[in-house]
file coords30.pdb (PDB, C-alpha atoms)
ATOM      1  CA  MET A   1       0.000   0.000   0.000
ATOM      2  CA  PRO A   2       1.575   3.330  -1.027
ATOM      3  CA  LEU A   3       2.204   5.715   1.816
ATOM      4  CA  GLY A   4       2.140   8.914  -0.204
ATOM      5  CA  PRO A   5       4.238  11.374  -2.207
ATOM      6  CA  PRO A   6       7.590  12.706  -1.040
ATOM      7  CA  SER A   7       7.875  15.957   0.859
ATOM      8  CA  SER A   8      10.567  16.723   3.458
ATOM      9  CA  ALA A   9      12.269  14.907   6.342
ATOM     10  CA  ILE A  10      15.366  16.181   8.093
ATOM     11  CA  ASN A  11      17.825  14.726  10.589
ATOM     12  CA  ILE A  12      19.198  16.958  13.325
ATOM     13  CA  GLN A  13      21.691  16.172  16.085
ATOM     14  CA  PRO A  14      20.677  18.386  19.038
ATOM     15  CA  ALA A  15      17.636  17.273  21.041
ATOM     16  CA  VAL A  16      14.509  19.367  20.661
ATOM     17  CA  SER A  17      11.359  19.536  22.697
ATOM     18  CA  SER A  18       8.334  17.619  21.473
ATOM     19  CA  LEU A  19       5.667  19.643  19.748
ATOM     20  CA  SER A  20       2.990  17.037  20.331
ATOM     21  CA  GLN A  21       0.336  17.637  22.927
ATOM     22  CA  ASN A  22      -1.634  15.242  25.118
ATOM     23  CA  VAL A  23       0.773  12.334  24.528
ATOM     24  CA  PRO A  24       2.817  10.222  26.974
ATOM     25  CA  ARG A  25       6.340  11.203  27.893
ATOM     26  CA  THR A  26       8.998  10.965  25.211
ATOM     27  CA  PRO A  27      11.362   7.961  25.529
ATOM     28  CA  ALA A  28      14.775   9.034  26.790
ATOM     29  CA  SER A  29      16.719   5.860  25.958
ATOM     30  CA  ILE A  30      16.564   2.593  24.041
ATOM     31  CA  SER A  31      18.037  -0.804  24.857
ATOM     32  CA  ILE A  32      18.199  -3.471  22.169
ATOM     33  CA  HIS A  33      18.780  -7.216  22.507
ATOM     34  CA  PRO A  34      21.371  -8.960  20.273
ATOM     35  CA  VAL A  35      18.643 -11.227  18.864
ATOM     36  CA  ALA A  36      16.961  -8.200  17.286
ATOM     37  CA  LEU A  37      20.244  -7.026  15.749
ATOM     38  CA  PHE A  38      21.014 -10.487  14.340
ATOM     39  CA  SER A  39      17.528 -10.641  12.845
ATOM     40  CA  ILE A  40      18.030  -7.263  11.145
ATOM     41  CA  LEU A  41      21.409  -8.314   9.742
ATOM     42  CA  ASP A  42      19.961 -11.594   8.473
ATOM     43  CA  HIS A  43      17.180  -9.646   6.745
ATOM     44  CA  TYR A  44      19.763  -7.371   5.124
ATOM     45  CA  LEU A  45      21.806 -10.328   3.835
ATOM     46  CA  ARG A  46      18.687 -11.891   2.262
ATOM     47  CA  ARG A  47      17.529  -8.722   0.516
ATOM     48  CA  LYS A  48      17.076  -8.420  -3.237
ATOM     49  CA  ASP A  49      19.969  -7.124  -5.295
ATOM     50  CA  ASP A  50      18.086  -3.962  -6.273
ATOM     51  CA  GLN A  51      17.169  -3.059  -2.664
ATOM     52  CA  ASP A  52      19.190  -0.294  -1.042
ATOM     53  CA  ARG A  53      17.736  -0.920   2.392
ATOM     54  CA  VAL A  54      15.318  -3.168   4.272
ATOM     55  CA  ILE A  55      12.754  -2.308   6.920
ATOM     56  CA  GLY A  56      10.906  -4.231   9.606
ATOM     57  CA  THR A  57       8.934  -4.069  12.842
ATOM     58  CA  LEU A  58      10.467  -3.828  16.317
ATOM     59  CA  LEU A  59       8.835  -5.607  19.253
ATOM     60  CA  GLY A  60       9.503  -5.220  22.946
ATOM     61  CA  THR A  61       8.353  -3.475  26.094
ATOM     62  CA  ARG A  62       8.248   0.147  27.179
ATOM     63  CA  THR A  63       8.022   2.374  30.209
ATOM     64  CA  GLU A  64       7.395   6.117  30.359
ATOM     65  CA  THR A  65      11.017   6.973  29.560
ATOM     66  CA  HIS A  66      12.606   3.757  28.251
ATOM     67  CA  VAL A  67      12.022   1.325  25.373
ATOM     68  CA  GLU A  68      13.451  -2.205  25.403
ATOM     69  CA  ILE A  69      13.634  -3.911  21.998
ATOM     70  CA  ARG A  70      13.653  -7.699  22.302
ATOM     71  CA  THR A  71      12.983  -9.000  18.807
ATOM     72  CA  SER A  72      11.998  -7.953  15.292
ATOM     73  CA  PHE A  73      10.592  -9.288  12.037
ATOM     74  CA  ALA A  74      10.985  -8.240   8.420
ATOM     75  CA  VAL A  75       8.311  -6.354   6.494
ATOM     76  CA  LEU A  76       8.013  -6.400   2.712
ATOM     77  CA  HIS A  77       8.340  -3.012   1.068
ATOM     78  CA  SER A  78       9.440  -1.326  -2.154
ATOM     79  CA  GLU A  79      10.782   2.137  -2.875
ATOM     80  CA  THR A  80      10.932   4.095  -6.095
ATOM     81  CA  SER A  81      11.658   7.703  -6.907
ATOM     82  CA  GLU A  82       7.909   8.432  -6.805
ATOM     83  CA  GLN A  83       6.528   6.441  -3.858
ATOM     84  CA  VAL A  84       7.150   3.853  -1.155
ATOM     85  CA  ALA A  85       4.876   0.865  -0.567
ATOM     86  CA  VAL A  86       4.674  -1.242   2.603
ATOM     87  CA  ASP A  87       2.802  -4.531   2.935
ATOM     88  CA  MET A  88       0.659  -3.597   5.930
ATOM     89  CA  ASP A  89      -1.396  -6.804   5.830
ATOM     90  CA  TYR A  90       1.768  -8.881   6.144
ATOM     91  CA  HIS A  91       2.928  -6.685   9.017
ATOM     92  CA  ARG A  92      -0.313  -7.154  10.962
ATOM     93  CA  THR A  93      -0.452 -10.908  10.256
ATOM     94  CA  MET A  94       3.095 -11.401  11.559
ATOM     95  CA  TYR A  95       2.307  -9.352  14.648
ATOM     96  CA  GLU A  96      -0.804 -11.392  15.414
ATOM     97  CA  LEU A  97       1.203 -14.615  15.125
ATOM     98  CA  HIS A  98       3.838 -13.208  17.453
ATOM     99  CA  ARG A  99       1.193 -12.151  19.967
ATOM    100  CA  LYS A 100       0.061 -15.762  20.252
ATOM    101  CA  VAL A 101       3.576 -16.759  21.322
ATOM    102  CA  ASN A 102       4.443 -13.776  23.511
ATOM    103  CA  SER A 103       1.579 -11.488  24.452
ATOM    104  CA  LYS A 104       3.764  -9.204  26.585
ATOM    105  CA  GLU A 105       5.745  -7.827  23.650
ATOM    106  CA  VAL A 106       4.130  -5.022  21.680
ATOM    107  CA  ILE A 107       5.069  -2.939  18.659
ATOM    108  CA  VAL A 108       7.501  -0.222  19.731
ATOM    109  CA  GLY A 109       8.709   1.027  16.347
ATOM    110  CA  TRP A 110      10.541   0.022  13.191
ATOM    111  CA  TYR A 111      14.041  -0.454  11.832
ATOM    112  CA  SER A 112      15.895   0.210   8.619
ATOM    113  CA  THR A 113      19.403  -0.401   7.347
ATOM    114  CA  GLY A 114      21.648   2.421   6.248
ATOM    115  CA  SER A 115      22.114   5.884   7.698
ATOM    116  CA  ASN A 116      19.979   7.838   5.229
ATOM    117  CA  LEU A 117      16.822   9.407   6.668
ATOM    118  CA  ASN A 118      14.711  10.685   3.793
ATOM    119  CA  THR A 119      11.107  11.621   3.072
ATOM    120  CA  TYR A 120      10.033   8.001   2.887
ATOM    121  CA  SER A 121      11.410   7.462   6.375
ATOM    122  CA  ALA A 122       8.994  10.134   7.620
ATOM    123  CA  LEU A 123       6.064   8.401   5.916
ATOM    124  CA  ILE A 124       6.968   5.010   7.398
ATOM    125  CA  GLN A 125       7.468   6.653  10.804
ATOM    126  CA  ASN A 126       3.964   8.084  10.586
ATOM    127  CA  PHE A 127       2.526   4.636   9.841
ATOM    128  CA  TYR A 128       4.256   3.047  12.851
ATOM    129  CA  SER A 129       3.247   5.963  15.062
ATOM    130  CA  GLN A 130      -0.353   4.989  14.371
ATOM    131  CA  GLU A 131       0.467   1.386  15.328
ATOM    132  CA  THR A 132       2.062   2.423  18.656
ATOM    133  CA  ALA A 133      -0.417   5.195  19.576
ATOM    134  CA  PRO A 134      -0.699   6.837  22.039
ATOM    135  CA  HIS A 135       3.037   6.183  22.507
ATOM    136  CA  GLN A 136       5.713   7.424  20.154
ATOM    137  CA  ALA A 137       7.282   4.986  17.710
ATOM    138  CA  VAL A 138      11.054   4.625  17.874
ATOM    139  CA  HIS A 139      13.249   4.131  14.832
ATOM    140  CA  ILE A 140      16.454   2.074  14.805
ATOM    141  CA  SER A 141      18.915   2.775  12.005
ATOM    142  CA  LEU A 142      21.472  -0.011  11.573
ATOM    143  CA  ASP A 143      24.464   0.917   9.439
ATOM    144  CA  THR A 144      26.130  -2.259   8.180
ATOM    145  CA  GLY A 145      29.387  -0.493   7.267
ATOM    146  CA  VAL A 146      29.214  -1.700   3.663
ATOM    147  CA  GLU A 147      29.148   1.785   2.158
ATOM    148  CA  PRO A 148      32.593   3.436   2.052
ATOM    149  CA  GLY A 149      33.079   6.107   4.683
ATOM    150  CA  GLN A 150      30.127   4.893   6.761
ATOM    151  CA  PRO A 151      31.202   3.001   9.899
ATOM    152  CA  ALA A 152      29.007   0.239  11.229
ATOM    153  CA  GLY A 153      26.777   1.245  14.126
ATOM    154  CA  VAL A 154      23.299   1.519  15.571
ATOM    155  CA  LYS A 155      21.378   4.769  16.085
ATOM    156  CA  GLY A 156      17.992   5.424  17.630
ATOM    157  CA  TYR A 157      15.487   8.163  16.797
ATOM    158  CA  ILE A 158      12.081   9.491  17.693
ATOM    159  CA  SER A 159      10.096  11.890  15.544
ATOM    160  CA  SER A 160       8.573  15.288  16.117
ATOM    161  CA  PRO A 161       6.131  17.031  13.735
ATOM    162  CA  VAL A 162       7.118  20.210  11.917
ATOM    163  CA  GLY A 163       4.911  23.167  11.056
ATOM    164  CA  VAL A 164       1.797  24.828  12.401
ATOM    165  CA  PHE A 165      -0.354  22.275  10.593
ATOM    166  CA  PRO A 166       2.042  19.320  10.420
ATOM    167  CA  LYS A 167       1.677  16.732   7.694
ATOM    168  CA  PRO A 168       2.619  13.048   8.071
ATOM    169  CA  GLU A 169       5.513  13.413   5.653
ATOM    170  CA  ASN A 170       6.993  16.392   7.527
ATOM    171  CA  CYS A 171       8.884  15.532  10.695
ATOM    172  CA  VAL A 172      12.176  15.921  12.506
ATOM    173  CA  PHE A 173      14.137  12.834  13.573
ATOM    174  CA  VAL A 174      15.647  13.400  17.020
ATOM    175  CA  PRO A 175      18.412  11.001  18.129
ATOM    176  CA  ILE A 176      18.255   9.272  21.525
ATOM    177  CA  PRO A 177      20.838   6.984  23.191
ATOM    178  CA  VAL A 178      20.900   3.272  22.289
ATOM    179  CA  GLU A 179      22.656   0.532  24.277
ATOM    180  CA  LEU A 180      23.124  -3.199  23.736
ATOM    181  CA  LYS A 181      21.537  -5.216  26.535
ATOM    182  CA  PHE A 182      21.776  -8.915  27.316
ATOM    183  CA  ARG A 183      21.857 -11.146  30.382
ATOM    184  CA  ASP A 184      25.047 -12.527  31.892
ATOM    185  CA  SER A 185      23.876 -16.044  31.035
ATOM    186  CA  GLU A 186      23.732 -15.028  27.351
ATOM    187  CA  ARG A 187      27.259 -13.625  27.228
ATOM    188  CA  SER A 188      28.846 -16.940  26.191
ATOM    189  CA  GLY A 189      26.397 -17.235  23.291
ATOM    190  CA  VAL A 190      27.102 -13.691  22.114
ATOM    191  CA  ASP A 191      30.852 -14.294  22.376
ATOM    192  CA  LEU A 192      30.459 -17.517  20.371
ATOM    193  CA  LEU A 193      28.543 -15.736  17.601
ATOM    194  CA  THR A 194      31.088 -12.923  17.385
ATOM    195  CA  SER A 195      34.020 -15.350  17.365
ATOM    196  CA  THR A 196      32.299 -17.401  14.652
ATOM    197  CA  ALA A 197      31.837 -14.256  12.569
ATOM    198  CA  LEU A 198      35.535 -13.456  12.927
ATOM    199  CA  SER A 199      36.588 -17.011  12.080
ATOM    200  CA  SER A 200      34.547 -16.849   8.866
ATOM    201  CA  LEU A 201      36.804 -14.105   7.499
ATOM    202  CA  PRO A 202      39.176 -15.193   4.679
ATOM    203  CA  SER A 203      42.270 -14.422   6.763
ATOM    204  CA  THR A 204      41.238 -16.724   9.616
ATOM    205  CA  SER A 205      40.840 -20.456  10.045
ATOM    206  CA  SER A 206      37.627 -22.054   8.801
ATOM    207  CA  SER A 207      37.354 -24.531  11.682
ATOM    208  CA  LEU A 208      33.995 -24.656  13.465
ATOM    209  CA  SER A 209      33.674 -23.017  16.869
ATOM    210  CA  SER A 210      32.144 -24.740  19.873
ATOM    211  CA  PRO A 211      30.469 -23.195  22.929
ATOM    212  CA  THR A 212      32.872 -22.171  25.652
ATOM    213  CA  THR A 213      32.816 -23.958  28.975
ATOM    214  CA  SER A 214      32.342 -22.240  32.321
ATOM    215  CA  LEU A 215      36.059 -22.604  33.099
ATOM    216  CA  GLU A 216      37.035 -21.019  29.776
ATOM    217  CA  THR A 217      34.605 -18.182  30.412
ATOM    218  CA  LEU A 218      36.118 -17.632  33.867
ATOM    219  CA  SER A 219      39.637 -17.691  32.413
ATOM    220  CA  SER A 220      38.684 -15.167  29.725
ATOM    221  CA  SER A 221      37.059 -12.905  32.318
ATOM    222  CA  ILE A 222      40.160 -13.012  34.523
ATOM    223  CA  GLU A 223      42.378 -12.148  31.540
ATOM    224  CA  ASN A 224      40.135  -9.182  30.700
ATOM    225  CA  ILE A 225      40.251  -7.991  34.308
ATOM    226  CA  ILE A 226      44.054  -8.272  34.364
ATOM    227  CA  SER A 227      44.254  -6.276  31.136
ATOM    228  CA  MET A 228      41.987  -3.538  32.563
ATOM    229  CA  ILE A 229      43.999  -3.414  35.814
ATOM    230  CA  ASP A 230      47.200  -2.988  33.795
ATOM    231  CA  ARG A 231      45.631  -0.077  31.925
ATOM    232  CA  VAL A 232      44.536   1.532  35.192
ATOM    233  CA  LEU A 233      48.005   1.089  36.723
ATOM    234  CA  THR A 234      49.646   2.603  33.651
ATOM    235  CA  TYR A 235      47.335   5.615  33.847
ATOM    236  CA  VAL A 236      47.792   6.117  37.614
ATOM    237  CA  ARG A 237      51.587   5.848  37.398
ATOM    238  CA  ALA A 238      51.658   8.329  34.509
ATOM    239  CA  VAL A 239      49.578  10.802  36.553
ATOM    240  CA  LEU A 240      51.771  10.391  39.650
ATOM    241  CA  ALA A 241      54.915  10.883  37.573
ATOM    242  CA  GLY A 242      53.497  14.037  35.989
ATOM    243  CA  GLU A 243      53.527  12.524  32.505
ATOM    244  CA  ALA A 244      49.750  12.821  32.083
ATOM    245  CA  GLN A 245      47.104  15.185  33.405
ATOM    246  CA  GLY A 246      44.769  13.601  35.926
ATOM    247  CA  ASP A 247      41.008  13.498  35.463
ATOM    248  CA  ALA A 248      38.948  14.107  38.605
ATOM    249  CA  ALA A 249      36.020  12.065  37.253
ATOM    250  CA  ILE A 250      38.235   9.030  36.650
ATOM    251  CA  GLY A 251      39.757   9.415  40.108
ATOM    252  CA  ARG A 252      36.345   9.449  41.784
ATOM    253  CA  TYR A 253      35.270   6.422  39.753
ATOM    254  CA  LEU A 254      38.366   4.473  40.829
ATOM    255  CA  MET A 255      37.767   5.419  44.469
ATOM    256  CA  ASP A 256      34.143   4.273  44.257
ATOM    257  CA  THR A 257      35.188   1.003  42.609
ATOM    258  CA  LEU A 258      37.824   0.234  45.248
ATOM    259  CA  GLY A 259      35.388   1.189  47.998
ATOM    260  CA  ALA A 260      32.753  -1.182  46.617
ATOM    261  CA  SER A 261      35.251  -4.073  46.414
ATOM    262  CA  THR A 262      36.152  -3.663  50.104
ATOM    263  CA  GLU A 263      32.658  -2.837  51.370
ATOM    264  CA  GLY A 264      32.017  -4.461  54.698
ATOM    265  CA  ASP A 265      35.661  -4.442  55.760
ATOM    266  CA  ALA A 266      36.175  -0.684  55.935
ATOM    267  CA  ASP A 267      34.518  -0.464  59.363
ATOM    268  CA  VAL A 268      37.350  -2.454  60.948
ATOM    269  CA  GLY A 269      39.534   0.591  60.561
ATOM    270  CA  GLY A 270      42.250   2.018  58.349
ATOM    271  CA  SER A 271      43.644   1.174  54.939
ATOM    272  CA  ALA A 272      45.150  -2.042  56.333
ATOM    273  CA  ALA A 273      41.647  -3.421  56.884
ATOM    274  CA  GLU A 274      40.652  -2.480  53.333
ATOM    275  CA  MET A 275      43.746  -4.166  51.936
ATOM    276  CA  GLY A 276      43.016  -7.216  54.074
ATOM    277  CA  GLY A 277      39.484  -7.449  52.694
ATOM    278  CA  PHE A 278      40.767  -7.147  49.124
ATOM    279  CA  ASN A 279      43.378  -9.858  49.726
ATOM    280  CA  GLY A 280      40.721 -12.088  51.270
ATOM    281  CA  ARG A 281      38.536 -11.833  48.178
ATOM    282  CA  LEU A 282      41.546 -12.426  45.959
ATOM    283  CA  GLN A 283      42.393 -15.598  47.886
ATOM    284  CA  ASP A 284      38.787 -16.767  47.508
ATOM    285  CA  THR A 285      39.022 -16.303  43.750
ATOM    286  CA  LEU A 286      42.318 -18.166  43.584
ATOM    287  CA  MET A 287      40.841 -20.993  45.667
ATOM    288  CA  VAL A 288      37.894 -21.329  43.284
ATOM    289  CA  SER A 289      40.274 -21.442  40.323
ATOM    290  CA  TYR A 290      42.447 -24.043  42.066
ATOM    291  CA  LEU A 291      39.461 -26.255  42.875
ATOM    292  CA  ALA A 292      38.209 -25.997  39.287
ATOM    293  CA  ASN A 293      41.583 -27.101  37.944
ATOM    294  CA  LEU A 294      41.668 -29.935  40.498
ATOM    295  CA  VAL A 295      38.224 -31.185  39.447
ATOM    296  CA  ARG A 296      39.180 -31.050  35.778
ATOM    297  CA  ALA A 297      42.395 -33.004  36.432
ATOM    298  CA  GLN A 298      40.467 -35.599  38.468
ATOM    299  CA  ALA A 299      37.942 -36.003  35.648
ATOM    300  CA  GLU A 300      40.712 -36.515  33.092
ATOM    301  CA  VAL A 301      42.420 -39.134  35.293
ATOM    302  CA  SER A 302      39.134 -40.962  35.835
ATOM    303  CA  SER A 303      38.378 -41.043  32.119
ATOM    304  CA  ARG A 304      41.839 -42.392  31.290
ATOM    305  CA  LEU A 305      41.547 -45.093  33.948
ATOM    306  CA  ALA A 306      38.190 -46.096  32.525
ATOM    307  CA  LEU A 307      39.700 -46.414  29.026
ATOM    308  CA  VAL A 308      42.608 -48.521  30.361
ATOM    309  CA  SER A 309      40.305 -50.868  32.269
ATOM    310  CA  ALA A 310      38.060 -51.212  29.220
ATOM    311  CA  ALA A 311      41.066 -52.174  27.078
TER
END
call {"tool": "encode", "arguments": {"input": "coords30.pdb", "output": "structure tokens"}}
result
Amino acid sequence: MPLGPPSSAINIQPAVSSLSQNVPRTPASISIHPVALFSILDHYLRRKDDQDRVIGTLLGTRTETHVEIRTSFAVLHSETSEQVAVDMDYHRTMYELHRKVNSKEVIVGWYSTGSNLNTYSALIQNFYSQETAPHQAVHISLDTGVEPGQPAGVKGYISSPVGVFPKPENCVFVPIPVELKFRDSERSGVDLLTSTALSSLPSTSSSLSSPTTSLETLSSSIENIISMIDRVLTYVRAVLAGEAQGDAAIGRYLMDTLGASTEGDADVGGSAAEMGGFNGRLQDTLMVSYLANLVRAQAEVSSRLALVSAA
């Protein structure tokens, strides 16, 4: 169904106040789940050769000031120099099917690939604003980094009407912060997908990746912590030696972090008590690592003994 003729849509960087009246509060931030991003990328890879971009529907939950995007699905559309057409029946059918599986997730907006916000984007935004009424529809723009000079990234927008008598095709896209959000239990899966994507590059090995174990995840986390501690030590030593200018915000953050790691031991008195609490937690971590290595060694010995006895 055609959405209408082109007019004007602009993209500005500074935030502006909403011109709408009698509507809920404007979302101040967006969080998006990796599943939604992977679905958008898969849709982009399966597009037709003559398609410059793809669009789809975003599903999730919302509060007065925050929108959480949990999943998405593709929507058929076509664009020409004269009009844009969106298959609204397909969009509503897919949403009804999704509602049968998860009734808590609602339509929160739409997505598109590429960084270009044009007149057709304003028309599509108006359509999704009707689907999310009385709330505002959010727009996620995923740049795949394929175009030269355009780095890969994700941007979020809301719209605001323009003019005394605003038309659907006239709006301002206002950017709002977007963050990637996933649970700690999903970190290993995300790491596996990213490592698989890197291993599929021509310069890397083509061997298949396997899910990481809990011990490997712990080892990787410890290595990352050691790397971050080394960076902090390098910065602190450079500031103390006068080689770099100190930042008060970073100093306060480091003090808060050290205070949180020794919370509960500071009441004993003095920096010695704080250091003792830190050393105690460090010894606990080392003990857990030692026991994990001991269990793994015992399992290997048991398996070898079982093979010998079977032979």
call {"tool": "residues_around", "arguments": {"input": "coords30.pdb", "residues": "Glu147 of chain A", "least_positions_apart": "2", "cutoff": "12 Å", "atoms": "all atoms listed in the file", "output": "ChimeraX atom specification"}}
result
/A:52-53,113-116,143-145,149-152
call {"tool": "residues_around", "arguments": {"input": "coords30.pdb", "residues": "Ser78 of chain A", "least_positions_apart": "3", "cutoff": "12 Å", "atoms": "all atoms listed in the file", "output": "list in words"}}
result
Met1, Pro2, Leu3, Arg47, Lys48, Asp50, Gln51, Asp52, Arg53, Val54, Ile55, Val75, Ser81, Glu82, Gln83, Val84, Ala85, Val86, Asp87, Tyr120 and Ile124 of chain A
call {"tool": "residues_around", "arguments": {"input": "coords30.pdb", "residues": "His33 of chain A", "least_positions_apart": "6", "cutoff": "12 Å", "atoms": "only C-alpha atoms", "output": "compact mmCIF listing (two decimals) with C-alpha atoms, in the coordinates of the input"}}
result
# COMPACT_ATOMS: atom_id res chain seq x y z
CA SER A 39 17.53 -10.64 12.84
CA ILE A 40 18.03 -7.26 11.14
CA LEU A 58 10.47 -3.83 16.32
CA LEU A 59 8.84 -5.61 19.25
CA GLY A 60 9.50 -5.22 22.95
CA THR A 61 8.35 -3.48 26.09
CA VAL A 67 12.02 1.32 25.37
CA GLU A 68 13.45 -2.20 25.40
CA ILE A 69 13.63 -3.91 22.00
CA ARG A 70 13.65 -7.70 22.30
CA THR A 71 12.98 -9.00 18.81
CA SER A 72 12.00 -7.95 15.29
CA VAL A 178 20.90 3.27 22.29
CA GLU A 179 22.66 0.53 24.28
CA LEU A 180 23.12 -3.20 23.74
CA LYS A 181 21.54 -5.22 26.54
CA PHE A 182 21.78 -8.91 27.32
CA ARG A 183 21.86 -11.15 30.38
CA GLU A 186 23.73 -15.03 27.35
CA ARG A 187 27.26 -13.62 27.23
CA VAL A 190 27.10 -13.69 22.11
call {"tool": "atom_distance", "arguments": {"input": "coords30.pdb", "atom1": "atom CA of Pro134 of chain A", "atom2": "atom CA of Phe73 of chain A"}}
result
22.1 Å
call {"tool": "closest_residue", "arguments": {"input": "coords30.pdb", "among": "A:Leu215, A:Met88, A:Ile176, A:Val164", "to": "Leu294 of chain A", "atoms": "all atoms listed in the file"}}
result
A:Leu215
call {"tool": "axis_aligned_box", "arguments": {"input": "coords30.pdb", "around": "segment 216-232 of chain A", "padding_each_side": "8 Å", "output": "AutoDock Vina command-line options"}}
result
--center_x 40.9 --center_y -9.7 --center_z 32.8 --size_x 28.6 --size_y 38.6 --size_z 22.1
call {"tool": "atom_distance", "arguments": {"input": "coords30.pdb", "atom1": "atom CA of Pro148 of chain A", "atom2": "atom CA of Gln125 of chain A"}}
result
26.8 Å
call {"tool": "closest_residue", "arguments": {"input": "coords30.pdb", "among": "A:Tyr111, A:Phe127, A:Tyr235, A:Tyr90", "to": "Tyr44 of chain A", "atoms": "all atoms listed in the file"}}
result
A:Tyr111
call {"tool": "atom_distance", "arguments": {"input": "coords30.pdb", "atom1": "atom CA of Val108 of chain A", "atom2": "atom CA of Pro34 of chain A"}}
result
16.4 Å
call {"tool": "closest_residue", "arguments": {"input": "coords30.pdb", "among": "A:Thr26, A:Val146, A:Ile222, A:Phe173", "to": "Thr285 of chain A", "atoms": "all atoms listed in the file"}}
result
A:Ile222
call {"tool": "closest_residue", "arguments": {"input": "coords30.pdb", "among": "A:Ser29, A:Asn170, A:Thr57, A:Asn118", "to": "Thr132 of chain A", "atoms": "all atoms listed in the file"}}
result
A:Thr57
call {"tool": "closest_residue", "arguments": {"input": "coords30.pdb", "among": "A:Leu76, A:Ile158, A:Ile107, A:Val232", "to": "Ala133 of chain A", "atoms": "all atoms listed in the file"}}
result
A:Ile107
